[in-house]
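Chemist: This one is protein.txt, compact mmCIF, C-alpha atoms.
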# COMPACT_ATOMS: atom_id res chain seq x y z
CA MET O 1 0.00 0.00 0.00
CA LYS O 2 1.31 3.42 -0.92
CA ARG O 3 2.08 5.81 1.91
CA ARG O 4 -0.28 8.44 0.48
CA THR O 5 -3.13 5.92 0.31
CA PHE O 6 -2.47 4.79 3.89
CA LEU O 7 -2.47 8.35 5.23
CA ALA O 8 -5.68 9.17 3.38
CA GLY O 9 -7.35 6.07 4.77
CA SER O 10 -6.18 6.89 8.28
CA VAL O 11 -7.55 10.41 8.07
CA LEU O 12 -10.90 9.10 6.86
CA ALA O 13 -11.01 6.50 9.65
CA VAL O 14 -10.25 9.07 12.33
CA GLY O 15 -12.77 11.48 10.85
CA GLY O 16 -15.42 8.78 10.72
CA ALA O 17 -14.73 7.82 14.32
CA LEU O 18 -15.06 11.41 15.43
CA LEU O 19 -18.40 11.67 13.64
CA LEU O 20 -19.59 8.54 15.46
CA ARG O 21 -18.41 9.75 18.85
CA PRO O 22 -21.38 10.64 21.11
CA GLY O 23 -21.97 14.22 22.12
CA SER O 24 -22.76 15.13 25.70
CA ARG O 25 -26.45 15.05 26.55
CA ALA O 26 -26.02 16.18 30.14
CA ALA O 27 -28.03 19.11 31.50
CA PRO O 28 -29.20 20.11 35.00
CA HIS O 29 -32.76 19.90 36.27
CA ASP O 30 -35.05 22.44 34.64
CA GLY O 31 -37.27 24.71 36.72
CA TYR O 32 -40.08 22.14 36.96
CA PHE O 33 -37.93 19.38 38.44
CA LEU O 34 -35.97 21.81 40.61
CA GLY O 35 -39.31 22.80 42.11
CA LEU O 36 -40.24 19.17 42.81
CA GLN O 37 -36.81 18.52 44.31
CA SER O 38 -37.22 21.56 46.59
CA VAL O 39 -40.57 20.23 47.85
CA LEU O 40 -39.08 16.83 48.63
CA GLN O 41 -36.07 18.29 50.41
CA LYS O 42 -38.19 20.67 52.48
CA GLN O 43 -40.31 17.69 53.54
CA GLY O 44 -37.20 15.80 54.60
CA VAL O 45 -37.81 12.91 52.20
CA GLY O 46 -34.83 10.56 52.20
CA HIS O 47 -36.05 7.50 50.31
CA PRO O 48 -37.59 6.68 46.91
CA VAL O 49 -41.16 7.92 46.49
CA MET O 50 -43.78 7.91 43.79
CA LEU O 51 -44.72 11.52 43.24
CA ILE O 52 -48.10 12.64 41.84
CA ASP O 53 -48.38 16.13 40.35
CA GLN O 54 -51.95 17.10 41.26
CA GLN O 55 -52.03 20.10 38.95
CA ARG O 56 -51.08 17.98 35.95
CA LEU O 57 -53.49 15.29 37.11
CA LYS O 58 -56.33 17.81 37.07
CA GLN O 59 -55.31 19.14 33.67
CA ASN O 60 -55.34 15.59 32.31
CA CYS O 61 -58.80 15.05 33.78
CA ASP O 62 -60.00 18.23 32.10
CA THR O 63 -58.50 17.08 28.79
CA LEU O 64 -60.19 13.69 29.11
CA MET O 65 -63.62 15.05 29.92
CA ALA O 66 -63.44 17.61 27.09
CA GLY O 67 -62.61 14.81 24.65
CA LEU O 68 -65.44 12.42 25.54
CA PRO O 69 -68.26 12.10 23.01
CA ALA O 70 -71.36 14.09 23.92
CA GLY O 71 -73.64 12.44 26.46
CA ARG O 72 -71.17 9.71 27.41
CA ALA O 73 -70.13 8.98 30.98
CA TYR O 74 -66.62 8.33 32.28
CA ARG O 75 -65.53 5.36 34.43
CA ILE O 76 -62.24 5.42 36.37
CA VAL O 77 -59.96 2.40 35.90
CA ALA O 78 -58.85 1.69 39.46
CA LYS O 79 -55.95 -0.63 38.67
CA SER O 80 -54.16 2.23 36.93
CA LEU O 81 -54.75 4.63 39.85
CA PRO O 82 -54.41 2.26 42.83
CA SER O 83 -55.08 4.63 45.73
CA VAL O 84 -58.36 5.60 47.37
CA SER O 85 -57.14 9.20 47.66
CA LEU O 86 -55.98 9.28 44.04
CA ILE O 87 -59.29 7.85 42.84
CA GLY O 88 -61.11 10.33 45.08
CA ALA O 89 -59.17 13.21 43.52
CA VAL O 90 -60.06 12.01 40.01
CA MET O 91 -63.69 11.72 41.07
CA ALA O 92 -63.61 15.33 42.26
CA TYR O 93 -61.95 16.54 39.05
CA THR O 94 -64.26 14.61 36.68
CA GLY O 95 -67.55 14.46 38.60
CA THR O 96 -67.90 10.70 38.18
CA ARG O 97 -68.55 8.08 40.85
CA ARG O 98 -68.06 5.17 38.43
CA VAL O 99 -65.07 2.89 38.97
CA MET O 100 -63.80 -0.20 37.15
CA VAL O 101 -62.12 -2.64 39.54
CA PHE O 102 -59.87 -5.63 38.80
CA HIS O 103 -58.89 -7.03 42.21
CA GLN O 104 -61.03 -8.29 45.07
CA PRO O 105 -59.15 -6.51 47.91
CA PHE O 106 -59.50 -3.25 45.95
CA MET O 107 -63.24 -3.89 45.67
CA ASN O 108 -63.62 -4.16 49.42
CA ALA O 109 -61.44 -1.12 50.05
CA LEU O 110 -63.49 1.04 47.70
CA ALA O 111 -66.78 -0.26 49.11
CA THR O 112 -65.55 0.78 52.57
CA HIS O 113 -63.93 4.13 51.79
CA ILE O 114 -66.05 5.36 48.86
CA PRO O 115 -69.38 3.68 49.61
CA ASP O 116 -71.34 5.74 47.08
CA CYS O 117 -69.22 4.54 44.14
CA ASP O 118 -70.69 2.61 41.21
CA MET O 119 -68.50 -0.44 40.63
CA LEU O 120 -68.00 -2.49 37.45
CA LEU O 121 -65.61 -5.43 37.34
CA GLY O 122 -62.97 -5.10 34.65
CA LYS O 123 -62.32 -8.82 34.38
CA PRO O 124 -64.29 -11.95 35.24
CA MET O 125 -63.55 -12.93 38.83
CA PRO O 126 -63.29 -16.53 40.05
CA VAL O 127 -66.41 -17.33 42.02
CA ALA O 128 -64.18 -17.80 45.10
CA ALA O 129 -63.13 -14.14 44.84
CA ALA O 130 -66.76 -13.08 44.55
CA ARG O 131 -67.60 -15.10 47.66
CA GLN O 132 -64.68 -13.50 49.52
CA PHE O 133 -65.87 -10.02 48.57
CA TYR O 134 -69.22 -10.63 50.25
CA ALA O 135 -67.56 -12.27 53.26
CA GLU O 136 -65.39 -9.16 53.84
CA LEU O 137 -68.05 -6.58 53.04
CA GLY O 138 -69.21 -6.07 56.61
CA GLU O 139 -71.25 -3.05 57.66
CA THR O 140 -71.07 -0.41 54.96
CA ALA O 141 -73.32 1.96 53.07
CA PHE O 142 -72.26 0.25 49.82
CA HIS O 143 -75.10 -1.88 48.38
CA PRO O 144 -73.80 -4.42 45.84
CA GLU O 145 -77.34 -5.28 44.75
CA THR O 146 -77.57 -1.83 43.09
CA GLN O 147 -73.98 -0.53 42.94
CA LEU O 148 -71.95 -3.49 41.67
CA GLN O 149 -71.84 -5.25 38.28
CA TRP O 150 -70.07 -8.59 38.04
CA LEU O 151 -68.40 -9.22 34.68
CA VAL O 152 -69.25 -12.57 33.07
CA ASP O 153 -67.55 -14.04 30.00
CA THR O 154 -69.16 -17.47 29.64
CA VAL O 155 -72.38 -19.28 30.41
CA ALA O 156 -70.40 -21.58 32.72
CA ARG O 157 -69.26 -18.64 34.85
CA LEU O 158 -72.79 -17.25 34.88
CA GLN O 159 -74.03 -20.56 36.26
CA GLN O 160 -71.37 -20.37 39.01
CA TYR O 161 -72.54 -16.88 39.95
CA LEU O 162 -76.15 -18.03 39.94
CA SER O 163 -75.23 -20.76 42.42
CA LEU O 164 -73.44 -18.22 44.62
CA ALA O 165 -76.37 -15.80 44.50
CA ARG O 166 -78.68 -18.61 45.63
CA GLU O 167 -76.25 -19.70 48.35
CA LEU O 168 -75.84 -16.20 49.80
CA GLY O 169 -79.35 -14.98 49.12
CA ARG O 170 -77.90 -11.89 47.41
CA PRO O 171 -79.02 -10.89 43.91
CA MET O 172 -76.19 -10.15 41.47
CA ARG O 173 -76.13 -7.69 38.59
CA ILE O 174 -74.44 -9.15 35.53
CA ASN O 175 -72.46 -7.33 32.86
CA LEU O 176 -71.49 -9.47 29.88
CA GLU O 177 -68.00 -9.25 28.42
CA LEU O 178 -67.83 -9.01 24.63
CA ASP O 179 -64.88 -9.97 22.44
CA VAL O 180 -64.72 -6.98 20.12
CA GLY O 181 -61.44 -8.03 18.50
CA LEU O 182 -58.89 -8.30 21.30
CA HIS O 183 -59.50 -12.08 21.52
CA ARG O 184 -58.84 -12.29 25.26
CA GLY O 185 -62.16 -13.90 26.08
CA GLY O 186 -65.76 -12.81 26.20
CA LEU O 187 -68.80 -13.59 24.10
CA THR O 188 -68.04 -14.09 20.43
CA GLU O 189 -71.41 -15.29 19.10
CA LEU O 190 -74.91 -13.88 19.40
CA SER O 191 -76.08 -17.38 20.34
CA GLN O 192 -73.92 -17.13 23.49
CA LEU O 193 -75.66 -13.90 24.38
CA ASP O 194 -79.02 -15.63 23.98
CA GLU O 195 -77.93 -18.41 26.36
CA CYS O 196 -76.82 -15.91 28.99
CA LEU O 197 -79.97 -13.82 28.68
CA ASP O 198 -82.13 -16.94 28.91
CA LEU O 199 -80.42 -17.95 32.16
CA ILE O 200 -80.76 -14.45 33.62
CA GLU O 201 -84.39 -14.17 32.55
CA SER O 202 -85.17 -17.54 34.15
CA ASN O 203 -83.74 -16.46 37.51
CA PRO O 204 -84.93 -12.89 38.12
CA GLU O 205 -84.73 -13.20 41.91
CA HIS O 206 -81.00 -13.98 41.69
CA LEU O 207 -79.67 -12.36 38.52
CA SER O 208 -80.30 -9.20 36.51
CA PHE O 209 -78.78 -7.95 33.26
CA ALA O 210 -76.79 -4.71 33.64
CA GLY O 211 -75.07 -4.23 30.28
CA PHE O 212 -71.98 -5.00 28.19
CA MET O 213 -68.23 -4.38 28.41
CA GLY O 214 -65.95 -4.65 25.38
CA TYR O 215 -62.27 -3.72 25.66
CA ASP O 216 -60.72 -2.55 22.38
CA ALA O 217 -57.02 -2.37 23.29
CA HIS O 218 -56.11 -4.02 19.99
CA VAL O 219 -57.20 -0.93 18.04
CA GLY O 220 -54.22 0.90 16.58
CA LYS O 221 -51.77 -1.92 17.30
CA LEU O 222 -51.52 -3.26 13.76
CA PRO O 223 -49.17 -1.60 11.23
CA PRO O 224 -51.15 0.90 9.13
CA VAL O 225 -50.32 -1.04 5.96
CA VAL O 226 -52.21 -4.01 7.44
CA GLU O 227 -55.17 -2.12 8.92
CA SER O 228 -55.67 1.52 9.82
CA THR O 229 -56.65 2.58 13.31
CA ARG O 230 -59.90 3.98 11.93
CA THR O 231 -60.83 0.70 10.23
CA SER O 232 -59.91 -1.32 13.32
CA LEU O 233 -62.10 0.88 15.53
CA GLN O 234 -65.00 0.68 13.08
CA LYS O 235 -64.79 -3.13 13.09
CA SER O 236 -64.66 -3.23 16.87
CA ASN O 237 -67.65 -0.91 17.21
CA ALA O 238 -69.58 -2.94 14.65
CA VAL O 239 -69.12 -6.10 16.73
CA TYR O 240 -70.27 -4.25 19.84
CA GLN O 241 -73.27 -2.82 18.00
CA SER O 242 -74.30 -6.27 16.78
CA PHE O 243 -74.76 -7.41 20.39
CA VAL O 244 -76.69 -4.26 21.24
CA ASP O 245 -78.94 -4.87 18.22
CA ARG O 246 -79.56 -8.46 19.29
CA LEU O 247 -80.49 -7.25 22.76
CA LEU O 248 -82.98 -4.80 21.26
CA GLN O 249 -84.45 -7.54 19.07
CA ARG O 250 -85.16 -9.61 22.15
CA TYR O 251 -86.34 -6.75 24.32
CA PRO O 252 -87.61 -3.90 22.11
CA ASP O 253 -88.85 -1.94 25.14
CA ILE O 254 -85.64 -2.20 27.17
CA ASP O 255 -84.38 1.07 28.63
CA LEU O 256 -81.04 1.12 26.84
CA PRO O 257 -79.70 4.34 28.47
CA SER O 258 -80.12 2.74 31.90
CA LEU O 259 -77.70 -0.05 30.96
CA THR O 260 -73.93 0.14 31.16
CA LEU O 261 -72.45 -0.08 27.65
CA ASN O 262 -68.80 0.18 28.61
CA GLY O 263 -65.64 0.08 26.55
CA ALA O 264 -62.47 1.88 25.48
CA GLY O 265 -59.38 2.33 27.66
CA SER O 266 -56.55 4.85 27.72
CA PRO O 267 -55.12 3.92 24.27
CA THR O 268 -58.49 4.35 22.56
CA VAL O 269 -60.62 6.62 24.74
CA MET O 270 -59.89 9.71 22.62
CA LEU O 271 -60.64 7.86 19.36
CA HIS O 272 -64.34 7.30 20.05
CA GLY O 273 -66.69 9.82 18.49
CA ASP O 274 -70.39 10.55 18.55
CA ASP O 275 -71.08 7.37 16.54
CA THR O 276 -69.69 5.06 19.25
CA PRO O 277 -72.10 2.39 20.55
CA LEU O 278 -70.75 3.00 24.07
CA ASN O 279 -72.57 5.12 26.63
CA GLU O 280 -69.59 5.16 28.99
CA LEU O 281 -65.85 5.05 28.40
CA ALA O 282 -63.18 3.81 30.80
CA ALA O 283 -59.62 5.07 31.25
CA GLY O 284 -57.06 5.55 33.98
CA SER O 285 -53.46 5.37 32.80
CA CYS O 286 -53.74 8.46 30.61
CA LEU O 287 -54.32 10.58 33.71
CA VAL O 288 -50.80 9.93 35.02
CA LYS O 289 -49.34 8.96 31.61
CA GLY O 290 -46.52 6.50 31.96
CA ILE O 291 -44.07 6.14 29.07
CA ASP O 292 -46.06 3.31 27.44
CA PHE O 293 -48.82 5.86 26.84
CA ASP O 294 -46.71 8.26 24.80
CA ILE O 295 -48.95 7.59 21.83
CA ALA O 296 -50.60 9.87 19.27
CA PRO O 297 -54.15 9.79 20.71
CA LEU O 298 -52.79 11.01 24.08
CA THR O 299 -50.56 13.83 22.83
CA ASP O 300 -52.48 16.42 24.86
CA PHE O 301 -51.93 14.57 28.15
CA GLN O 302 -48.95 15.28 30.41
CA PRO O 303 -46.85 12.96 32.58
CA ALA O 304 -48.13 13.37 36.14
CA ALA O 305 -46.36 10.52 38.00
CA PHE O 306 -42.62 10.38 38.68
CA ILE O 307 -40.32 8.26 40.79
CA ALA O 308 -38.06 10.53 42.85
CA THR O 309 -35.05 8.96 44.51
CA PRO O 310 -32.00 10.40 46.30
CA VAL O 311 -28.45 10.31 44.98
CA LEU O 312 -26.32 8.31 47.44
CA LYS O 313 -22.90 8.56 45.81
CA LYS O 314 -21.25 10.89 43.30
CA LEU O 315 -18.09 9.61 41.61
CA HIS O 316 -15.99 11.20 38.92
CA GLY O 317 -15.14 8.94 36.02
CA LEU O 318 -16.28 5.39 35.35
CA ASN O 319 -14.45 2.80 37.44
CA LEU O 320 -15.65 -0.65 36.43
CA PRO O 321 -14.59 -3.84 38.23
CA GLY O 322 -11.93 -6.01 36.61
CA PRO O 323 -8.31 -5.78 35.44
CA VAL O 324 -9.02 -4.07 32.12
CA PRO O 325 -9.41 -0.27 32.31
CA LEU O 326 -12.64 -0.47 30.33
CA GLY O 327 -14.28 2.32 32.31
CA ASN O 328 -11.45 4.75 31.61
CA LEU O 329 -11.51 3.97 27.91
CA TRP O 330 -15.29 4.16 27.74
CA SER O 331 -15.54 7.48 29.55
CA ALA O 332 -12.70 8.92 27.42
CA TRP O 333 -14.67 8.00 24.31
CA ASP O 334 -18.17 8.86 25.54
CA PRO O 335 -18.63 12.13 27.49
CA ASN O 336 -21.92 10.74 28.84
CA ARG O 337 -19.95 8.22 30.92
CA ARG O 338 -17.72 10.68 32.79
CA MET O 339 -19.78 10.83 35.99
CA THR O 340 -21.11 7.93 38.04
CA TRP O 341 -24.13 8.12 40.30
CA PHE O 342 -25.45 5.49 42.67
CA ILE O 343 -29.06 6.01 43.71
CA TYR O 344 -31.29 4.75 46.51
CA GLY O 345 -33.02 1.71 45.00
CA GLY O 346 -33.51 1.17 41.30
CA TYR O 347 -34.31 -1.32 38.54
CA TRP O 348 -37.92 -0.18 38.38
CA LYS O 349 -40.13 -0.29 35.31
CA ALA O 350 -39.10 3.31 34.64
CA ARG O 351 -36.62 5.47 32.75
CA PRO O 352 -34.70 8.52 33.97
CA VAL O 353 -36.17 11.82 32.82
CA SER O 354 -34.29 14.45 34.85
CA PRO O 355 -31.58 15.57 34.95
CA ALA O 356 -31.07 15.00 31.24
CA GLY O 357 -28.43 12.58 30.03
CA LEU O 358 -28.61 9.92 32.74
CA GLU O 359 -27.98 6.43 31.37
CA GLU O 360 -28.04 2.94 32.84
CA ASN O 361 -24.86 0.90 32.69
CA SER O 362 -25.63 -2.62 31.50
CA VAL O 363 -21.96 -3.62 31.79
CA TYR O 364 -21.90 -2.85 35.51
CA GLY O 365 -25.35 -4.41 35.89
CA PHE O 366 -28.69 -3.59 37.46
CA SER O 367 -29.59 -3.33 41.12
CA THR O 368 -32.74 -2.86 43.17
CA ASN O 369 -30.55 -1.65 46.03
CA GLN O 370 -28.05 0.86 44.56
CA MET O 371 -28.51 1.33 40.83
CA MET O 372 -25.69 2.89 38.83
CA TYR O 373 -26.29 5.67 36.35
CA ASN O 374 -23.73 7.54 34.27
CA SER O 375 -23.85 11.01 32.77
CA GLY O 376 -21.79 13.88 31.51
CA ALA O 377 -20.43 16.56 33.82
CA GLY O 378 -23.29 18.96 33.14
CA THR O 379 -25.94 17.23 35.27
CA ASP O 380 -25.07 19.46 38.24
CA LEU O 381 -26.16 16.93 40.87
CA SER O 382 -24.92 16.54 44.41
CA VAL O 383 -25.31 13.79 46.98
CA ASP O 384 -28.82 13.97 48.53
CA ASP O 385 -30.24 15.63 45.41
CA PHE O 386 -32.95 13.71 43.60
CA ILE O 387 -33.17 12.12 40.20
CA PHE O 388 -36.58 11.67 38.60
CA LEU O 389 -37.79 8.76 36.51
CA ARG O 390 -40.99 8.21 34.55
CA PRO O 391 -42.67 4.85 35.12
CA THR O 392 -43.49 2.92 31.97
CA GLN O 393 -46.95 2.18 33.38
CA SER O 394 -48.86 2.93 36.55
CA GLU O 395 -50.83 -0.10 37.70
CA PHE O 396 -47.87 -2.06 39.07
CA VAL O 397 -45.24 0.62 39.64
CA LEU O 398 -47.45 2.90 41.76
CA LEU O 399 -47.79 0.10 44.32
CA GLN O 400 -44.02 -0.25 44.96
CA PHE O 401 -43.31 2.83 47.10
CA GLY O 402 -45.84 2.89 49.89
CA ASP O 403 -47.86 6.10 50.21
CA LEU O 404 -47.90 8.34 47.14
CA ALA O 405 -46.35 11.80 47.53
CA ALA O 406 -49.05 14.09 46.11
CA VAL O 407 -47.82 17.62 45.39
CA ASP O 408 -50.39 20.35 44.78
CA SER O 409 -50.10 23.64 42.90
CA THR O 410 -48.88 25.49 46.01
CA GLY O 411 -46.01 23.05 46.57
CA ALA O 412 -47.69 21.41 49.57
CA MET O 413 -47.31 17.64 49.78
CA ASN O 414 -49.80 15.10 51.09
CA TRP O 415 -49.39 11.36 51.52
CA TRP O 416 -51.95 9.16 49.76
CA PRO O 417 -52.01 5.50 50.85
CA VAL O 418 -52.09 2.93 48.08
CA LEU O 419 -54.63 0.14 47.92
CA GLU O 420 -53.56 -3.06 49.65
CA GLN O 421 -52.85 -6.14 47.58
CA GLY O 422 -54.49 -8.51 50.04
CA HIS O 423 -52.98 -11.31 52.08
CA GLY O 424 -52.79 -15.07 52.25
CA ARG O 425 -55.34 -17.16 54.06
Please render this file's structure as structure tokens.
Modeler:
Amino acid sequence: MKRRTFLAGSVLAVGGALLLRPGSRAAPHDGYFLGLQSVLQKQGVGHPVMLIDQQRLKQNCDTLMAGLPAGRAYRIVAKSLPSVSLIGAVMAYTGTRRVMVFHQPFMNALATHIPDCDMLLGKPMPVAAARQFYAELGETAFHPETQLQWLVDTVARLQQYLSLARELGRPMRINLELDVGLHRGGLTELSQLDECLDLIESNPEHLSFAGFMGYDAHVGKLPPVVESTRTSLQKSNAVYQSFVDRLLQRYPDIDLPSLTLNGAGSPTVMLHGDDTPLNELAAGSCLVKGIDFDIAPLTDFQPAAFIATPVLKKLHGLNLPGPVPLGNLWSAWDPNRRMTWFIYGGYWKARPVSPAGLEENSVYGFSTNQMMYNSGAGTDLSVDDFIFLRPTQSEFVLLQFGDLAAVDSTGAMNWWPVLEQGHGR
């Protein structure tokens, strides 16, 4: 190889490497997160917390209610907002008392603490869970005979509930789950609806029909070249409408507005228009907006839930275990690896959001005790400052930190207990 050719190739290689070299993404907290950090430090918080921004929560509630089709009601999805106080705040902001519940201990907690709520099951419960709900109900102003709808997906489950209603001497309101395209269970044929209605009609002292629920989470999940979101929603609504039409054929004089025709969810709630067959729409996650809900229909919603956790250790450079100076080489190459931070806790279903430029270190590994993050020098953090992460979702992550730290528009902080998961027997 000629010397001139070698030198030219070397220059190109070095130039290409420099183009590939990462730039620093580090930046300090902006004013919003500095304000949240100040609240936490003034309160003397020294451990990881799940923080709820009440002002953003209210704004999201306002956005949701403004986007509902005319004349439709809203039902709160409790699993996505698993705190009596959080649900109570959403009730105040939206004016609804309707809640969708997915867990038997949550049912009993809501019946005790919000006894005027209207409860719809979001999934079919084993009959043992239904029996346990009644066993734990105790003295309360909540009346399941008028305020609770059990979700039923098959004739076999309906027969189980009929047996329980007879055993306990408590009538049960039945909402029938429809498979509107998600294919996760529910009625798929009109003949199945007829069977369920026949059984309910034959046992009026034990069972009553309360409506339908059809979850359309599949809408918008297919690539547009396969099926557009609009087409998918139209197909889903057509399936739902076919069951409503069959109901009207059987009972032409039925008071349809008095029934619960429930559907939607956070991914689709803003897609339904005035032509929807639903008379109430359910959502919860969009009100706190985890990362998984950064989707086009929810563009107008803001993140309102953050994990805040203290910095335990601040180290300059990247000192990785082992005989090879990999950390030194890595941090020399990548300016985003020139600071090391160890935090209180970690490895949550969440991603760092402030200060900018924080990155996990998969080479060092992950820890639920002291997670390592790296950054450039511009993060401007000190020990005992906080980093903030956005959860990917709310229903599981919000239950991991004990009481929620709810911050209002004045900077005051209140502690909102989360719903209990239940216990063994």
Chemist: Which residues, written as an MDAnalysis selection string, have at least one atom at most 10 Å from stretch 208-214 of chain O, with only C-alpha atoms counted and residues fewer than 3 positions away on the same chain left out?
Modeler: chainID O and resid 120:123 145:146 148:153 171:182 186:187 196:197 199:205 217 236:237 239:240 243:244 247 256:265 278 280:282
Chemist: For the atom pair atom CA of O:Ala305 and atom CA of O:Val363, what is the interatomic distance in Å to one decimal place?
Modeler: 28.9 Å
Chemist: For stretch 35-116 of chain O against stretch 394-411 of chain O, with a cut-off of 12 Å and counting only C-alpha atoms, what is the closest atom pair and its distance in Å to one decimal for every residue that makes the cut, ordered by chain and number, as JSON lines?
Modeler:
{"residue": "O:Gly35", "atom": "CA", "partner": "O:Gly411", "partner_atom": "CA", "distance": 8.1}
{"residue": "O:Leu36", "atom": "CA", "partner": "O:Gly411", "partner_atom": "CA", "distance": 7.9}
{"residue": "O:Gln37", "atom": "CA", "partner": "O:Gly411", "partner_atom": "CA", "distance": 10.5}
{"residue": "O:Ser38", "atom": "CA", "partner": "O:Gly411", "partner_atom": "CA", "distance": 8.9}
{"residue": "O:Val39", "atom": "CA", "partner": "O:Gly411", "partner_atom": "CA", "distance": 6.3}
{"residue": "O:Leu40", "atom": "CA", "partner": "O:Ala405", "partner_atom": "CA", "distance": 8.9}
{"residue": "O:Gln41", "atom": "CA", "partner": "O:Gly411", "partner_atom": "CA", "distance": 11.7}
{"residue": "O:Lys42", "atom": "CA", "partner": "O:Gly411", "partner_atom": "CA", "distance": 10.1}
{"residue": "O:Gln43", "atom": "CA", "partner": "O:Ala405", "partner_atom": "CA", "distance": 10.4}
{"residue": "O:Val45", "atom": "CA", "partner": "O:Ala405", "partner_atom": "CA", "distance": 9.8}
{"residue": "O:His47", "atom": "CA", "partner": "O:Phe401", "partner_atom": "CA", "distance": 9.2}
{"residue": "O:Pro48", "atom": "CA", "partner": "O:Phe401", "partner_atom": "CA", "distance": 6.9}
{"residue": "O:Val49", "atom": "CA", "partner": "O:Phe401", "partner_atom": "CA", "distance": 5.6}
{"residue": "O:Met50", "atom": "CA", "partner": "O:Leu404", "partner_atom": "CA", "distance": 5.3}
{"residue": "O:Leu51", "atom": "CA", "partner": "O:Ala405", "partner_atom": "CA", "distance": 4.6}
{"residue": "O:Ile52", "atom": "CA", "partner": "O:Ala406", "partner_atom": "CA", "distance": 4.6}
{"residue": "O:Asp53", "atom": "CA", "partner": "O:Val407", "partner_atom": "CA", "distance": 5.3}
{"residue": "O:Gln54", "atom": "CA", "partner": "O:Asp408", "partner_atom": "CA", "distance": 5.0}
{"residue": "O:Gln55", "atom": "CA", "partner": "O:Ser409", "partner_atom": "CA", "distance": 5.6}
{"residue": "O:Arg56", "atom": "CA", "partner": "O:Ser409", "partner_atom": "CA", "distance": 9.0}
{"residue": "O:Leu57", "atom": "CA", "partner": "O:Asp408", "partner_atom": "CA", "distance": 9.7}
{"residue": "O:Lys58", "atom": "CA", "partner": "O:Asp408", "partner_atom": "CA", "distance": 10.1}
{"residue": "O:Gln59", "atom": "CA", "partner": "O:Ser409", "partner_atom": "CA", "distance": 11.5}
{"residue": "O:Val77", "atom": "CA", "partner": "O:Glu395", "partner_atom": "CA", "distance": 9.6}
{"residue": "O:Ala78", "atom": "CA", "partner": "O:Glu395", "partner_atom": "CA", "distance": 8.4}
{"residue": "O:Lys79", "atom": "CA", "partner": "O:Glu395", "partner_atom": "CA", "distance": 5.2}
{"residue": "O:Ser80", "atom": "CA", "partner": "O:Glu395", "partner_atom": "CA", "distance": 4.1}
{"residue": "O:Leu81", "atom": "CA", "partner": "O:Glu395", "partner_atom": "CA", "distance": 6.5}
{"residue": "O:Pro82", "atom": "CA", "partner": "O:Glu395", "partner_atom": "CA", "distance": 6.7}
{"residue": "O:Ser83", "atom": "CA", "partner": "O:Leu404", "partner_atom": "CA", "distance": 8.2}
{"residue": "O:Val84", "atom": "CA", "partner": "O:Leu404", "partner_atom": "CA", "distance": 10.8}
{"residue": "O:Ser85", "atom": "CA", "partner": "O:Leu404", "partner_atom": "CA", "distance": 9.3}
{"residue": "O:Leu86", "atom": "CA", "partner": "O:Ala406", "partner_atom": "CA", "distance": 8.7}
{"residue": "O:Ala89", "atom": "CA", "partner": "O:Ala406", "partner_atom": "CA", "distance": 10.5}
{"residue": "O:Val101", "atom": "CA", "partner": "O:Glu395", "partner_atom": "CA", "distance": 11.7}
{"residue": "O:Phe102", "atom": "CA", "partner": "O:Glu395", "partner_atom": "CA", "distance": 10.7}
{"residue": "O:His103", "atom": "CA", "partner": "O:Glu395", "partner_atom": "CA", "distance": 11.5}
Chemist: Using only C-alpha atoms, which residues sit within 12 Å of O:Gln393 once same-chain residues fewer than 2 positions away are excluded, as an mmCIF file with C-alpha atoms, in the frame of the given file?
Modeler:
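New file result20.cif:
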data_model
loop_
_atom_site.group_PDB
_atom_site.id
_atom_site.type_symbol
_atom_site.label_atom_id
_atom_site.label_comp_id
_atom_site.auth_asym_id
_atom_site.auth_seq_id
_atom_site.Cartn_x
_atom_site.Cartn_y
_atom_site.Cartn_z
ATOM 1 C CA LYS O 79 -55.950 -0.630 38.670
ATOM 2 C CA SER O 80 -54.160 2.230 36.930
ATOM 3 C CA LEU O 81 -54.750 4.630 39.850
ATOM 4 C CA SER O 266 -56.550 4.850 27.720
ATOM 5 C CA GLY O 284 -57.060 5.550 33.980
ATOM 6 C CA SER O 285 -53.460 5.370 32.800
ATOM 7 C CA CYS O 286 -53.740 8.460 30.610
ATOM 8 C CA LEU O 287 -54.320 10.580 33.710
ATOM 9 C CA VAL O 288 -50.800 9.930 35.020
ATOM 10 C CA LYS O 289 -49.340 8.960 31.610
ATOM 11 C CA GLY O 290 -46.520 6.500 31.960
ATOM 12 C CA ILE O 291 -44.070 6.140 29.070
ATOM 13 C CA ASP O 292 -46.060 3.310 27.440
ATOM 14 C CA PHE O 293 -48.820 5.860 26.840
ATOM 15 C CA ASP O 294 -46.710 8.260 24.800
ATOM 16 C CA PRO O 303 -46.850 12.960 32.580
ATOM 17 C CA ALA O 304 -48.130 13.370 36.140
ATOM 18 C CA ALA O 305 -46.360 10.520 38.000
ATOM 19 C CA PHE O 306 -42.620 10.380 38.680
ATOM 20 C CA ILE O 307 -40.320 8.260 40.790
ATOM 21 C CA TRP O 348 -37.920 -0.180 38.380
ATOM 22 C CA LYS O 349 -40.130 -0.290 35.310
ATOM 23 C CA ALA O 350 -39.100 3.310 34.640
ATOM 24 C CA ARG O 351 -36.620 5.470 32.750
ATOM 25 C CA LEU O 389 -37.790 8.760 36.510
ATOM 26 C CA ARG O 390 -40.990 8.210 34.550
ATOM 27 C CA PRO O 391 -42.670 4.850 35.120
ATOM 28 C CA GLU O 395 -50.830 -0.100 37.700
ATOM 29 C CA PHE O 396 -47.870 -2.060 39.070
ATOM 30 C CA VAL O 397 -45.240 0.620 39.640
ATOM 31 C CA LEU O 398 -47.450 2.900 41.760
ATOM 32 C CA LEU O 399 -47.790 0.100 44.320
#
